[in-house]
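Peer 1: File name work09.cif; file contents mmCIF, C-alpha atoms; full text below.
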data_final
#
loop_
_atom_site.label_atom_id
_atom_site.label_comp_id
_atom_site.auth_asym_id
_atom_site.auth_seq_id
_atom_site.Cartn_x
_atom_site.Cartn_y
_atom_site.Cartn_z
CA MET A 1 -53.26 4.24 -0.99
CA ASN A 2 -55.21 6.92 0.75
CA VAL A 3 -53.68 8.33 3.95
CA ALA A 4 -55.52 10.83 6.13
CA ILE A 5 -53.57 13.03 8.50
CA ILE A 6 -55.89 14.29 11.21
CA LYS A 7 -56.02 18.06 11.28
CA TYR A 8 -56.40 19.62 14.70
CA ASN A 9 -54.91 22.38 16.81
CA ALA A 10 -51.66 20.57 17.59
CA GLY A 11 -49.71 19.94 14.49
CA ASN A 12 -46.40 19.29 12.89
CA VAL A 13 -48.63 18.27 10.06
CA GLN A 14 -46.55 19.63 7.20
CA SER A 15 -43.49 17.57 8.12
CA VAL A 16 -45.53 14.37 8.18
CA LEU A 17 -47.00 15.21 4.81
CA TYR A 18 -43.54 15.81 3.36
CA ALA A 19 -42.19 12.58 4.84
CA LEU A 20 -44.99 10.59 3.20
CA GLN A 21 -44.35 12.45 -0.05
CA ARG A 22 -40.70 11.32 0.05
CA LEU A 23 -41.99 7.75 0.33
CA GLY A 24 -44.15 8.33 -2.73
CA THR A 25 -47.42 8.32 -0.77
CA MET A 26 -49.94 11.09 -1.15
CA SER A 27 -51.89 12.10 1.90
CA SER A 28 -54.47 14.66 2.86
CA VAL A 29 -54.69 16.76 5.99
CA THR A 30 -58.29 16.70 7.09
CA ASP A 31 -60.79 16.95 9.94
CA ASP A 32 -63.65 15.71 7.79
CA PRO A 33 -65.11 12.59 9.47
CA ASP A 34 -66.05 10.85 6.22
CA GLU A 35 -62.63 11.39 4.75
CA ILE A 36 -60.94 10.05 7.89
CA ILE A 37 -63.22 7.02 8.17
CA SER A 38 -62.74 6.05 4.51
CA ALA A 39 -58.93 6.42 4.54
CA ASP A 40 -56.75 3.29 4.28
CA LYS A 41 -54.42 4.61 6.97
CA VAL A 42 -54.81 7.38 9.49
CA ILE A 43 -52.00 9.39 11.03
CA PHE A 44 -52.64 11.30 14.23
CA PRO A 45 -49.68 13.66 14.66
CA GLY A 46 -49.22 16.38 17.19
CA VAL A 47 -46.96 18.70 19.06
CA GLY A 48 -48.49 20.76 21.79
CA ASN A 49 -50.48 20.65 24.97
CA ALA A 50 -52.50 17.52 25.87
CA ALA A 51 -55.33 19.38 27.61
CA SER A 52 -55.99 21.90 24.85
CA ALA A 53 -55.63 19.21 22.18
CA MET A 54 -58.21 16.96 23.92
CA ASN A 55 -60.60 19.89 24.30
CA TYR A 56 -60.33 20.63 20.63
CA LEU A 57 -60.84 16.98 19.65
CA LYS A 58 -63.96 16.81 21.84
CA GLU A 59 -65.34 20.03 20.42
CA LYS A 60 -64.97 18.63 16.91
CA LYS A 61 -66.21 15.19 18.07
CA LEU A 62 -62.98 13.77 16.73
CA ASP A 63 -62.41 11.94 20.04
CA GLU A 64 -65.23 9.47 19.40
CA LEU A 65 -64.27 9.18 15.77
CA ILE A 66 -60.63 8.27 16.49
CA VAL A 67 -61.40 5.47 18.96
CA SER A 68 -63.92 3.98 16.53
CA LEU A 69 -61.44 3.69 13.65
CA ARG A 70 -60.78 0.17 12.32
CA GLN A 71 -57.95 0.82 9.84
CA PRO A 72 -54.31 1.16 11.02
CA VAL A 73 -53.86 4.39 13.00
CA LEU A 74 -50.47 5.86 13.90
CA GLY A 75 -50.19 8.41 16.71
CA ILE A 76 -47.01 10.46 16.63
CA CYS A 77 -45.60 12.21 19.72
CA LEU A 78 -48.58 13.94 21.36
CA GLY A 79 -50.68 11.62 19.18
CA LEU A 80 -49.31 8.60 21.09
CA GLN A 81 -49.87 10.34 24.42
CA LEU A 82 -53.49 11.19 23.58
CA LEU A 83 -54.13 7.51 22.78
CA CYS A 84 -53.25 6.63 26.40
CA ASN A 85 -55.65 6.61 29.35
CA SER A 86 -54.67 9.96 30.81
CA SER A 87 -51.95 12.58 30.93
CA GLU A 88 -50.48 14.50 33.82
CA GLU A 89 -50.27 17.47 31.47
CA GLY A 90 -53.27 19.47 32.63
CA ASN A 91 -54.63 16.30 34.36
CA THR A 92 -56.25 15.29 31.13
CA LYS A 93 -58.41 12.27 30.47
CA CYS A 94 -57.30 10.94 27.08
CA LEU A 95 -58.68 8.50 24.50
CA GLY A 96 -57.95 5.31 26.46
CA ILE A 97 -56.73 3.03 23.68
CA PHE A 98 -53.37 2.27 25.29
CA ASP A 99 -53.43 1.14 28.89
CA SER A 100 -50.78 3.59 30.04
CA VAL A 101 -50.52 6.86 31.91
CA VAL A 102 -48.58 9.83 30.55
CA LYS A 103 -46.29 11.35 33.17
CA LYS A 104 -44.02 14.35 33.37
CA PHE A 105 -40.28 13.68 33.44
CA ASP A 106 -38.99 14.08 36.98
CA ASP A 107 -36.97 17.29 36.96
CA THR A 108 -35.48 16.68 40.39
CA VAL A 109 -33.19 13.89 39.16
CA PHE A 110 -29.54 14.66 38.43
CA GLN A 111 -27.24 13.15 35.81
CA ASN A 112 -24.43 12.58 38.30
CA LYS A 113 -23.26 13.39 41.77
CA ASN A 114 -22.09 16.84 40.65
CA LEU A 115 -25.74 17.83 40.45
CA VAL A 116 -25.80 18.41 36.71
CA PRO A 117 -29.53 18.52 35.91
CA TYR A 118 -31.19 16.30 33.33
CA LYS A 119 -32.30 18.45 30.45
CA ILE A 120 -36.04 18.67 29.88
CA PRO A 121 -37.44 18.48 27.22
CA HIS A 122 -35.82 15.18 26.29
CA MET A 123 -34.54 16.54 23.01
CA GLY A 124 -32.43 14.87 20.37
CA TRP A 125 -31.50 11.43 19.09
CA ASN A 126 -31.87 8.50 21.44
CA THR A 127 -31.90 4.72 21.02
CA ILE A 128 -34.89 2.38 20.97
CA ASP A 129 -34.70 -1.21 22.19
CA HIS A 130 -36.85 -4.24 23.12
CA LEU A 131 -38.41 -3.90 19.69
CA SER A 132 -41.46 -5.91 18.62
CA SER A 133 -44.57 -5.39 16.45
CA PRO A 134 -44.66 -5.18 12.63
CA LEU A 135 -44.03 -1.44 13.05
CA MET A 136 -40.42 -2.25 13.92
CA ASN A 137 -39.75 -4.68 11.03
CA GLY A 138 -36.18 -4.37 9.82
CA ILE A 139 -35.21 -1.90 12.55
CA SER A 140 -32.11 -2.89 14.54
CA GLU A 141 -32.05 -2.74 18.32
CA ASP A 142 -30.47 0.51 19.52
CA SER A 143 -31.29 2.47 16.37
CA PHE A 144 -31.39 6.22 16.90
CA VAL A 145 -34.59 8.21 16.46
CA TYR A 146 -35.44 11.85 17.16
CA PHE A 147 -37.36 12.83 20.30
CA VAL A 148 -38.71 16.12 21.61
CA HIS A 149 -40.99 15.81 24.64
CA SER A 150 -41.40 16.62 28.32
CA TYR A 151 -44.03 13.97 29.08
CA TYR A 152 -43.77 10.23 28.46
CA ALA A 153 -46.03 7.18 28.39
CA GLN A 154 -45.24 4.66 31.12
CA LEU A 155 -44.21 1.17 30.12
CA SER A 156 -47.11 -1.22 29.63
CA SER A 157 -47.82 -4.60 28.05
CA GLU A 158 -48.52 -2.63 24.84
CA THR A 159 -45.02 -1.13 24.70
CA VAL A 160 -43.23 -2.28 21.52
CA ALA A 161 -40.08 -0.11 21.83
CA THR A 162 -38.42 1.23 24.93
CA THR A 163 -36.16 4.23 25.45
CA ASP A 164 -34.35 5.15 28.64
CA TYR A 165 -34.13 8.81 29.58
CA ILE A 166 -34.28 9.55 33.31
CA ASN A 167 -36.35 6.35 33.39
CA PRO A 168 -37.41 3.76 30.81
CA PHE A 169 -40.59 4.74 28.94
CA SER A 170 -42.69 3.68 25.93
CA ALA A 171 -41.01 4.86 22.73
CA ALA A 172 -43.62 2.96 20.70
CA MET A 173 -46.90 1.21 21.49
CA HIS A 174 -49.25 -1.14 19.64
CA LYS A 175 -52.69 -2.45 20.39
CA ASP A 176 -54.95 -3.95 17.72
CA ASN A 177 -55.06 -1.47 14.83
CA PHE A 178 -53.57 1.35 16.90
CA TYR A 179 -49.87 2.21 16.81
CA GLY A 180 -48.04 5.04 18.50
CA VAL A 181 -44.53 6.44 18.48
CA GLN A 182 -43.21 9.01 20.93
CA PHE A 183 -40.41 10.00 18.57
CA HIS A 184 -40.80 11.86 15.30
CA THR A 185 -40.71 9.27 12.52
CA GLU A 186 -40.88 12.13 10.02
CA LYS A 187 -37.64 13.60 11.39
CA SER A 188 -35.75 10.42 12.25
CA GLY A 189 -33.66 9.95 9.13
CA LEU A 190 -33.70 6.56 7.39
CA THR A 191 -34.84 4.73 10.53
CA GLY A 192 -37.89 6.97 10.74
CA GLU A 193 -38.63 6.44 7.06
CA GLN A 194 -38.47 2.66 7.50
CA ILE A 195 -40.91 2.81 10.43
CA LEU A 196 -43.32 4.97 8.40
CA LYS A 197 -42.97 2.51 5.51
CA ASN A 198 -43.72 -0.36 7.89
CA PHE A 199 -46.85 1.42 9.02
CA LEU A 200 -47.97 2.00 5.44
CA ASN A 201 -47.41 -1.71 4.72
CA ILE A 202 -49.58 -2.93 7.60
CA LYS A 203 -52.69 -4.64 6.25
CA MET B 204 -28.38 6.70 25.23
CA LEU B 205 -29.07 10.29 24.22
CA ALA B 206 -26.55 11.28 21.54
CA LYS B 207 -24.55 14.48 21.48
CA ARG B 208 -25.72 16.41 18.44
CA ILE B 209 -23.59 17.77 15.60
CA ILE B 210 -25.25 20.75 13.96
CA PRO B 211 -24.00 22.48 10.82
CA CYS B 212 -25.19 26.07 10.68
CA LEU B 213 -26.06 27.69 7.38
CA ASP B 214 -26.10 31.46 7.30
CA ILE B 215 -28.48 32.57 4.57
CA LYS B 216 -28.33 35.77 2.59
CA ASN B 217 -30.55 36.30 -0.45
CA GLY B 218 -31.30 32.58 -0.54
CA ARG B 219 -27.63 31.55 -0.54
CA THR B 220 -25.44 30.14 2.21
CA VAL B 221 -22.73 32.37 3.60
CA LYS B 222 -20.44 32.32 6.60
CA GLY B 223 -19.29 35.46 8.32
CA ILE B 224 -15.85 35.38 9.84
CA ASN B 225 -16.25 37.21 13.14
CA PHE B 226 -19.64 38.27 11.75
CA GLU B 227 -17.95 40.13 8.88
CA ASN B 228 -16.11 39.24 5.65
CA ILE B 229 -18.84 37.04 4.31
CA ARG B 230 -17.92 34.26 1.88
CA ASP B 231 -20.30 32.29 -0.33
CA ALA B 232 -20.54 28.62 0.50
CA GLY B 233 -23.34 27.30 -1.65
CA ASP B 234 -26.97 26.48 -2.19
CA PRO B 235 -28.84 25.90 1.11
CA VAL B 236 -31.15 23.09 -0.04
CA GLU B 237 -28.31 21.18 -1.66
CA LEU B 238 -26.10 21.69 1.38
CA ALA B 239 -28.92 20.64 3.70
CA MET B 240 -29.44 17.38 1.83
CA TYR B 241 -25.69 16.76 1.75
CA TYR B 242 -25.37 17.29 5.50
CA SER B 243 -28.35 15.14 6.33
CA GLN B 244 -26.87 12.29 4.24
CA GLN B 245 -23.51 12.81 5.95
CA GLY B 246 -25.11 12.22 9.35
CA ALA B 247 -25.73 15.74 10.65
CA ASP B 248 -28.16 15.44 13.54
CA GLU B 249 -29.91 18.71 12.98
CA LEU B 250 -29.49 21.88 10.91
CA VAL B 251 -29.74 25.56 11.77
CA PHE B 252 -30.54 28.20 9.15
CA LEU B 253 -29.90 31.80 10.13
CA ASP B 254 -31.22 34.41 7.75
CA ILE B 255 -28.79 37.24 8.29
CA THR B 256 -30.59 39.68 6.03
CA ALA B 257 -34.10 39.03 7.24
CA THR B 258 -36.24 42.00 6.33
CA VAL B 259 -39.94 42.20 5.64
CA GLU B 260 -39.36 41.93 1.88
CA LYS B 261 -37.06 38.95 2.30
CA ARG B 262 -39.55 37.07 4.48
CA LYS B 263 -41.24 35.37 1.57
CA THR B 264 -37.90 34.15 0.22
CA LEU B 265 -37.20 32.59 3.59
CA VAL B 266 -40.61 30.91 3.78
CA ASP B 267 -40.10 29.45 0.29
CA LEU B 268 -36.68 28.20 1.31
CA VAL B 269 -38.05 26.60 4.49
CA LYS B 270 -40.67 24.81 2.42
CA LYS B 271 -38.00 23.42 0.07
CA ILE B 272 -35.77 22.32 2.92
CA ALA B 273 -38.62 20.62 4.77
CA ALA B 274 -39.68 18.77 1.65
CA ASN B 275 -36.18 17.44 1.09
CA ILE B 276 -34.60 16.51 4.42
CA ASN B 277 -35.56 13.99 7.07
CA ILE B 278 -33.86 15.52 10.11
CA PRO B 279 -35.00 18.43 12.28
CA PHE B 280 -34.08 22.00 11.51
CA THR B 281 -34.21 25.39 13.19
CA VAL B 282 -34.77 28.70 11.46
CA GLY B 283 -33.70 32.06 12.84
CA GLY B 284 -32.86 35.60 11.85
CA GLY B 285 -35.05 38.61 12.37
CA ILE B 286 -38.07 36.71 13.69
CA SER B 287 -39.89 39.17 15.90
CA SER B 288 -43.48 38.03 16.22
CA VAL B 289 -45.60 34.97 16.88
CA GLU B 290 -47.00 35.42 13.34
CA ASN B 291 -43.50 35.25 11.79
CA ALA B 292 -42.78 32.09 13.77
CA PHE B 293 -46.13 30.53 12.91
CA GLU B 294 -45.56 30.97 9.18
CA LEU B 295 -42.17 29.24 9.34
CA LEU B 296 -43.41 26.40 11.56
CA GLN B 297 -46.44 25.88 9.31
CA ASN B 298 -44.12 25.47 6.37
CA GLY B 299 -42.07 22.75 8.02
CA ALA B 300 -39.50 24.35 10.35
CA ASP B 301 -39.17 22.40 13.60
CA LYS B 302 -37.86 25.16 15.83
CA ILE B 303 -37.51 28.91 15.73
CA SER B 304 -34.48 30.68 17.02
CA ILE B 305 -34.94 34.18 18.43
CA ASN B 306 -32.27 36.59 19.57
CA THR B 307 -32.44 40.41 19.51
CA ALA B 308 -36.23 40.56 19.24
CA ALA B 309 -36.58 38.35 22.33
CA PHE B 310 -34.18 40.52 24.30
CA LYS B 311 -36.03 43.70 23.38
CA ASN B 312 -39.43 42.13 24.00
CA SER B 313 -39.15 39.15 26.31
CA ASP B 314 -42.92 38.54 26.08
CA LEU B 315 -42.13 37.04 22.69
CA ILE B 316 -40.56 33.99 24.37
CA ASP B 317 -43.57 33.49 26.60
CA ALA B 318 -46.02 34.00 23.73
CA MET B 319 -44.19 31.56 21.45
CA ALA B 320 -43.84 28.95 24.19
CA LYS B 321 -47.57 29.17 24.95
CA GLU B 322 -48.56 29.06 21.29
CA PHE B 323 -46.21 26.36 19.98
CA GLY B 324 -44.61 24.76 23.05
CA SER B 325 -41.16 25.35 24.53
CA GLN B 326 -39.62 22.69 22.29
CA CYS B 327 -40.03 25.10 19.34
CA VAL B 328 -38.33 28.03 21.04
CA VAL B 329 -34.56 28.29 20.76
CA LEU B 330 -33.11 31.30 22.53
CA ALA B 331 -29.96 32.37 20.69
CA ILE B 332 -27.52 34.36 22.80
CA ASP B 333 -24.44 36.06 21.38
CA ALA B 334 -22.11 36.47 24.34
CA LYS B 335 -18.81 38.25 24.65
CA LYS B 336 -16.34 38.08 27.49
CA GLU B 337 -15.19 41.58 28.40
CA SER B 338 -12.05 42.68 30.21
CA ASP B 339 -13.92 42.40 33.53
CA GLU B 340 -14.06 38.62 32.85
CA ASN B 341 -17.86 38.70 32.60
CA TRP B 342 -19.87 37.48 29.63
CA TYR B 343 -22.30 40.08 28.27
CA VAL B 344 -25.22 39.77 25.86
CA TYR B 345 -24.68 41.36 22.44
CA LEU B 346 -27.49 42.13 20.01
CA ASN B 347 -27.97 42.79 16.31
CA GLY B 348 -25.58 40.09 15.11
CA GLY B 349 -22.96 41.10 17.63
CA ARG B 350 -22.92 44.79 16.82
CA SER B 351 -24.55 46.22 19.97
CA LYS B 352 -23.38 45.58 23.51
CA THR B 353 -25.80 45.38 26.42
CA GLU B 354 -25.12 45.60 30.13
CA THR B 355 -26.91 42.29 30.75
CA LEU B 356 -24.93 39.23 31.79
CA ALA B 357 -25.46 36.33 29.41
CA TYR B 358 -26.17 33.95 32.29
CA ASP B 359 -28.87 36.19 33.77
CA TRP B 360 -30.55 36.51 30.41
CA ALA B 361 -30.43 32.74 29.88
CA LYS B 362 -32.09 32.12 33.24
CA LYS B 363 -34.81 34.63 32.49
CA GLY B 364 -35.33 33.14 29.03
CA ILE B 365 -35.83 29.69 30.54
CA GLU B 366 -38.36 31.02 33.05
CA LEU B 367 -40.25 32.56 30.16
CA GLY B 368 -40.34 29.25 28.30
CA ALA B 369 -37.28 28.87 26.07
CA GLY B 370 -36.72 25.18 25.34
CA GLU B 371 -33.11 25.29 24.24
CA ILE B 372 -30.23 27.78 24.20
CA LEU B 373 -27.93 28.40 21.27
CA LEU B 374 -24.92 29.98 22.93
CA THR B 375 -22.41 31.69 20.65
CA SER B 376 -19.14 32.97 22.04
CA MET B 377 -18.19 36.02 20.01
CA ASN B 378 -14.65 35.81 21.37
CA ASN B 379 -14.27 32.36 19.82
CA ASP B 380 -16.42 32.70 16.71
CA GLY B 381 -14.33 32.58 13.55
CA THR B 382 -11.07 31.86 15.39
CA LYS B 383 -11.07 28.07 14.91
CA GLY B 384 -9.37 27.96 18.31
CA GLY B 385 -12.00 25.83 20.05
CA PHE B 386 -15.32 26.47 21.77
CA ALA B 387 -15.63 28.68 24.87
CA GLU B 388 -15.56 25.95 27.47
CA ASP B 389 -16.00 28.15 30.54
CA ILE B 390 -19.34 29.73 29.71
CA THR B 391 -20.66 26.64 27.92
CA SER B 392 -19.84 24.59 30.97
CA LEU B 393 -21.52 27.06 33.32
CA PHE B 394 -24.67 27.05 31.20
CA SER B 395 -24.81 23.36 30.56
CA LYS B 396 -24.07 22.21 34.08
CA THR B 397 -26.52 24.53 35.83
CA LEU B 398 -29.38 25.16 33.39
CA ALA B 399 -31.98 22.45 32.90
CA ILE B 400 -32.55 22.81 29.15
CA PRO B 401 -30.28 21.68 26.29
CA ILE B 402 -27.34 23.92 25.41
CA ILE B 403 -25.93 24.17 21.90
CA ALA B 404 -22.33 25.40 21.93
CA SER B 405 -21.35 27.63 19.03
CA GLY B 406 -18.33 29.59 17.92
CA GLY B 407 -14.73 28.50 17.55
CA ALA B 408 -14.80 24.97 16.12
CA GLY B 409 -11.52 24.29 14.31
CA THR B 410 -10.62 20.66 14.92
CA MET B 411 -12.35 17.42 15.81
CA LYS B 412 -10.77 17.63 19.25
CA ASP B 413 -12.59 20.93 19.85
CA PHE B 414 -15.88 19.04 19.56
CA ALA B 415 -14.72 16.31 21.92
CA ASP B 416 -13.58 18.95 24.42
CA VAL B 417 -16.86 20.86 24.46
CA PHE B 418 -18.79 17.62 25.00
CA LEU B 419 -16.46 16.08 27.57
CA HIS B 420 -15.33 19.15 29.51
CA ALA B 421 -18.21 21.56 29.07
CA ASN B 422 -21.04 19.02 28.92
CA ALA B 423 -22.65 20.69 25.88
CA ASP B 424 -25.69 18.86 24.53
CA ALA B 425 -24.92 19.83 20.96
CA ALA B 426 -22.18 21.61 19.05
CA LEU B 427 -22.75 23.89 16.11
CA ALA B 428 -20.28 24.94 13.44
CA ALA B 429 -20.31 26.40 9.97
CA SER B 430 -17.13 26.99 8.00
CA VAL B 431 -15.26 23.85 9.09
CA PHE B 432 -18.13 21.88 7.57
CA HIS B 433 -18.84 24.10 4.58
CA PHE B 434 -15.25 24.07 3.41
CA GLY B 435 -14.80 20.37 4.10
CA GLU B 436 -12.12 20.82 6.76
CA ILE B 437 -14.06 18.48 9.02
CA LYS B 438 -16.21 15.70 7.57
CA ILE B 439 -19.14 14.67 9.75
CA PRO B 440 -18.69 10.87 9.42
CA GLU B 441 -15.03 11.17 10.46
CA LEU B 442 -15.95 13.53 13.28
CA LYS B 443 -18.51 11.06 14.60
CA ARG B 444 -16.05 8.17 14.44
CA PHE B 445 -13.53 10.29 16.32
CA LEU B 446 -16.05 11.25 19.02
CA SER B 447 -17.23 7.69 19.34
CA GLU B 448 -13.63 6.57 19.98
CA GLN B 449 -13.58 9.00 22.93
CA ASN B 450 -16.68 7.26 24.31
CA ILE B 451 -18.94 10.15 23.39
CA SER B 452 -22.41 8.96 22.42
CA VAL B 453 -23.13 9.92 18.82
CA ARG B 454 -25.71 8.76 16.31
CA PHE B 455 -24.67 6.64 13.33
#
Can you present the structure in this file as structure tokens?
Peer 2:
Amino acid sequence: MNVAIIKYNAGNVQSVLYALQRLGTMSSVTDDPDEIISADKVIFPGVGNAASAMNYLKEKKLDELIVSLRQPVLGICLGLQLLCNSSEEGNTKCLGIFDSVVKKFDDTVFQNKNLVPYKIPHMGWNTIDHLSSPLMNGISEDSFVYFVHSYYAQLSSETVATTDYINPFSAAMHKDNFYGVQFHTEKSGLTGEQILKNFLNIK
Amino acid sequence: MLAKRIIPCLDIKNGRTVKGINFENIRDAGDPVELAMYYSQQGADELVFLDITATVEKRKTLVDLVKKIAANINIPFTVGGGISSVENAFELLQNGADKISINTAAFKNSDLIDAMAKEFGSQCVVLAIDAKKESDENWYVYLNGGRSKTETLAYDWAKKGIELGAGEILLTSMNNDGTKGGFAEDITSLFSKTLAIPIIASGGAGTMKDFADVFLHANADAALAASVFHFGEIKIPELKRFLSEQNISVRF
């Protein structure tokens, strides 16, 4: 199998590459349109700022390329957010695959009446539930996965895993050949490995 | 529910793991990659690697080590020790580190925090603070691995660090470090209950109850320890069972 990891200015690319390696799958990190189009699977990773990432994708014309892909595509973290309609981060218009808006966590909410603030970014291991989609095959409800983010995709009909932090949000999304996870599959232990495996097994 | 994190810390010198008792009397506790894989299988939620002999010549050794760790473990890890520029940080992140911890260099040049946050995002920037409670009952910032005192209050520095873009604070109590008498609940509690980013408590872990106390009483988001894990005095699966019995959310 031939997996392309999209190379752009927002990357935790190396970790994704290593995670695939541990599963015995070779992948290439590339921004070459032909290589991306001809890949069996495409992974769209990302850590960083939505506005600058979108600008970069547009500059390289990768925005049009990504939405035109027909093979299974997995957006990770910022990758999921960029597949949504828009993001509050820099008021950015995104790729519009998922019918959801990316919002900033409300930092005026407190954990309890003693006014202990919620910590932002949402960082660490949290549970996923309401699981559906082949991406979640074999994953138990309330499994822990690793998150690091300050913005989240609102729930929508395309949500296939939900996490509650300050409010419920989309931990994973699926529409047609597009999949997205807010958490870092590549850093989520055995659960993350299973989800990556599921993605690689999607026909 | 967001889990409280258990973080073994591996002090690295010349590519080997060591643990300083009160930052001195270093003992050898093994091969970092092997230990990292062991801890990740045991259920550690994250790992921290502190290169305590980071010099320019040693930098390449550290980068090679980061590469090996990243290739072998499937949980997040932080690297720290002598990182003083965006370029240093970039090289480590490019090779698979998830976060970079900065301490003395950030204090001497606070623009580093801002520059790293802008370049890589706050989630990559862990501000490590070594704090010591003096006879005036105030906690002061110490630099250079605890060797140099400053006149800055740890809390003031933490607040400034957050304004500049730090995404997490690794708070080590020098009074508690190496004592195995428990974490410093007072300063951890102050930080964790009033600052809006995650706080990792460090220094003083001796028993499983110490972990429960720092989560329940001081509201720490994560607890870090070294020797109790390295020498097998506390086993992570048992620790997590124990915490879970106290209704503390942990990951299994």
Peer 1: To one decimal place in Å, what is the distance between atom CA of Asn450 of chain B and atom CA of Asp380 of chain B?
Peer 2: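 Rounded to one decimal, the two atoms are 26.6 Å apart.
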Peer 1: Would you list the residues near (-24.7, 16.2, 15.3), meaning any protein, DNA or RNA residue with an atom at most 7 Å from that point in file coordinates, counting only C-alpha atoms, as a PyMOL selection string?
Peer 2: chain B and resi 207-210+247-249+425
Peer 1: Once you have the residues from the selection above, write them out as a short mmCIF file (atom, residue, chain, number, x, y, z; two decimals), keeping the file's coordinate frame, restricted to C-alpha atoms.
Peer 2:
data_model
loop_
_atom_site.label_atom_id
_atom_site.label_comp_id
_atom_site.auth_asym_id
_atom_site.auth_seq_id
_atom_site.Cartn_x
_atom_site.Cartn_y
_atom_site.Cartn_z
CA LYS B 207 -24.55 14.48 21.48
CA ARG B 208 -25.72 16.41 18.44
CA ILE B 209 -23.59 17.77 15.60
CA ILE B 210 -25.25 20.75 13.96
CA ALA B 247 -25.73 15.74 10.65
CA ASP B 248 -28.16 15.44 13.54
CA GLU B 249 -29.91 18.71 12.98
CA ALA B 425 -24.92 19.83 20.96
#
Peer 1: Let me make sure I understand: among A:Ile139, A:Val145, A:Ala153, A:Ile36, which one has the smallest atom-to-atom distance to Met123 of chain A if we use only C-alpha atoms?
Peer 2: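 For Met123 of chain A, the nearest of the candidates is A:Val145.
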Peer 1: Within 9 Å of His130 of chain A, counting only C-alpha atoms, which residues show up once you throw out same-chain ones fewer than 6 positions away? Write them as a PyMOL selection string, please.
Peer 2: chain A and resi 141-142+159-163
Peer 1: How many Å lie between atom CA of Tyr146 of chain A and atom CA of Val16 of chain A, rounded to one decimal?
Peer 2: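 If I compute the distance from atom CA of Tyr146 of chain A to atom CA of Val16 of chain A, I get 13.7 Å.
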Peer 1: Return the single residue from B:Glu448, B:Glu294, B:Asp359, B:Glu340 that is closest to chain A, with distances computed using only C-alpha atoms.
Peer 2: B:Glu294
Peer 1: Which residues are near Gly192 of chain A? Cut-off 12 Å, only C-alpha atoms, ignore same chain within fewer than 2 positions. Put them as a PyMOL selection string.
Peer 2: (chain A and resi 16+19-20+22-23+76+125+128+135-139+143-147+181-190+194-199) or (chain B and resi 276-279)
Peer 1: Take the residues just selected and output them with C-alpha atoms as a short mmCIF file (atom, residue, chain, number, x, y, z; two decimals), in the frame of the given file.
Peer 2:
data_model
loop_
_atom_site.label_atom_id
_atom_site.label_comp_id
_atom_site.auth_asym_id
_atom_site.auth_seq_id
_atom_site.Cartn_x
_atom_site.Cartn_y
_atom_site.Cartn_z
CA VAL A 16 -45.53 14.37 8.18
CA ALA A 19 -42.19 12.58 4.84
CA LEU A 20 -44.99 10.59 3.20
CA ARG A 22 -40.70 11.32 0.05
CA LEU A 23 -41.99 7.75 0.33
CA ILE A 76 -47.01 10.46 16.63
CA TRP A 125 -31.50 11.43 19.09
CA ILE A 128 -34.89 2.38 20.97
CA LEU A 135 -44.03 -1.44 13.05
CA MET A 136 -40.42 -2.25 13.92
CA ASN A 137 -39.75 -4.68 11.03
CA GLY A 138 -36.18 -4.37 9.82
CA ILE A 139 -35.21 -1.90 12.55
CA SER A 143 -31.29 2.47 16.37
CA PHE A 144 -31.39 6.22 16.90
CA VAL A 145 -34.59 8.21 16.46
CA TYR A 146 -35.44 11.85 17.16
CA PHE A 147 -37.36 12.83 20.30
CA VAL A 181 -44.53 6.44 18.48
CA GLN A 182 -43.21 9.01 20.93
CA PHE A 183 -40.41 10.00 18.57
CA HIS A 184 -40.80 11.86 15.30
CA THR A 185 -40.71 9.27 12.52
CA GLU A 186 -40.88 12.13 10.02
CA LYS A 187 -37.64 13.60 11.39
CA SER A 188 -35.75 10.42 12.25
CA GLY A 189 -33.66 9.95 9.13
CA LEU A 190 -33.70 6.56 7.39
CA GLN A 194 -38.47 2.66 7.50
CA ILE A 195 -40.91 2.81 10.43
CA LEU A 196 -43.32 4.97 8.40
CA LYS A 197 -42.97 2.51 5.51
CA ASN A 198 -43.72 -0.36 7.89
CA PHE A 199 -46.85 1.42 9.02
CA ILE B 276 -34.60 16.51 4.42
CA ASN B 277 -35.56 13.99 7.07
CA ILE B 278 -33.86 15.52 10.11
CA PRO B 279 -35.00 18.43 12.28
#
Peer 1: Give me, as a PyMOL selection string, all polymer residues having an atom no more than 12 Å from Leu268 of chain B, counting only C-alpha atoms and skipping those fewer than 6 positions away in the same chain.
Peer 2: chain B and resi 215-220+234-237+239+252-254+261-262+274-275+282+295+298-300
Peer 1: Would you mind exporting the chosen residues as a compact mmCIF listing (two decimals), in the frame of the given file, restricted to C-alpha atoms?
Peer 2:
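Just written: again-v7.txt:
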# COMPACT_ATOMS: atom_id res chain seq x y z
CA ILE B 215 -28.48 32.57 4.57
CA LYS B 216 -28.33 35.77 2.59
CA ASN B 217 -30.55 36.30 -0.45
CA GLY B 218 -31.30 32.58 -0.54
CA ARG B 219 -27.63 31.55 -0.54
CA THR B 220 -25.44 30.14 2.21
CA ASP B 234 -26.97 26.48 -2.19
CA PRO B 235 -28.84 25.90 1.11
CA VAL B 236 -31.15 23.09 -0.04
CA GLU B 237 -28.31 21.18 -1.66
CA ALA B 239 -28.92 20.64 3.70
CA PHE B 252 -30.54 28.20 9.15
CA LEU B 253 -29.90 31.80 10.13
CA ASP B 254 -31.22 34.41 7.75
CA LYS B 261 -37.06 38.95 2.30
CA ARG B 262 -39.55 37.07 4.48
CA ALA B 274 -39.68 18.77 1.65
CA ASN B 275 -36.18 17.44 1.09
CA VAL B 282 -34.77 28.70 11.46
CA LEU B 295 -42.17 29.24 9.34
CA ASN B 298 -44.12 25.47 6.37
CA GLY B 299 -42.07 22.75 8.02
CA ALA B 300 -39.50 24.35 10.35
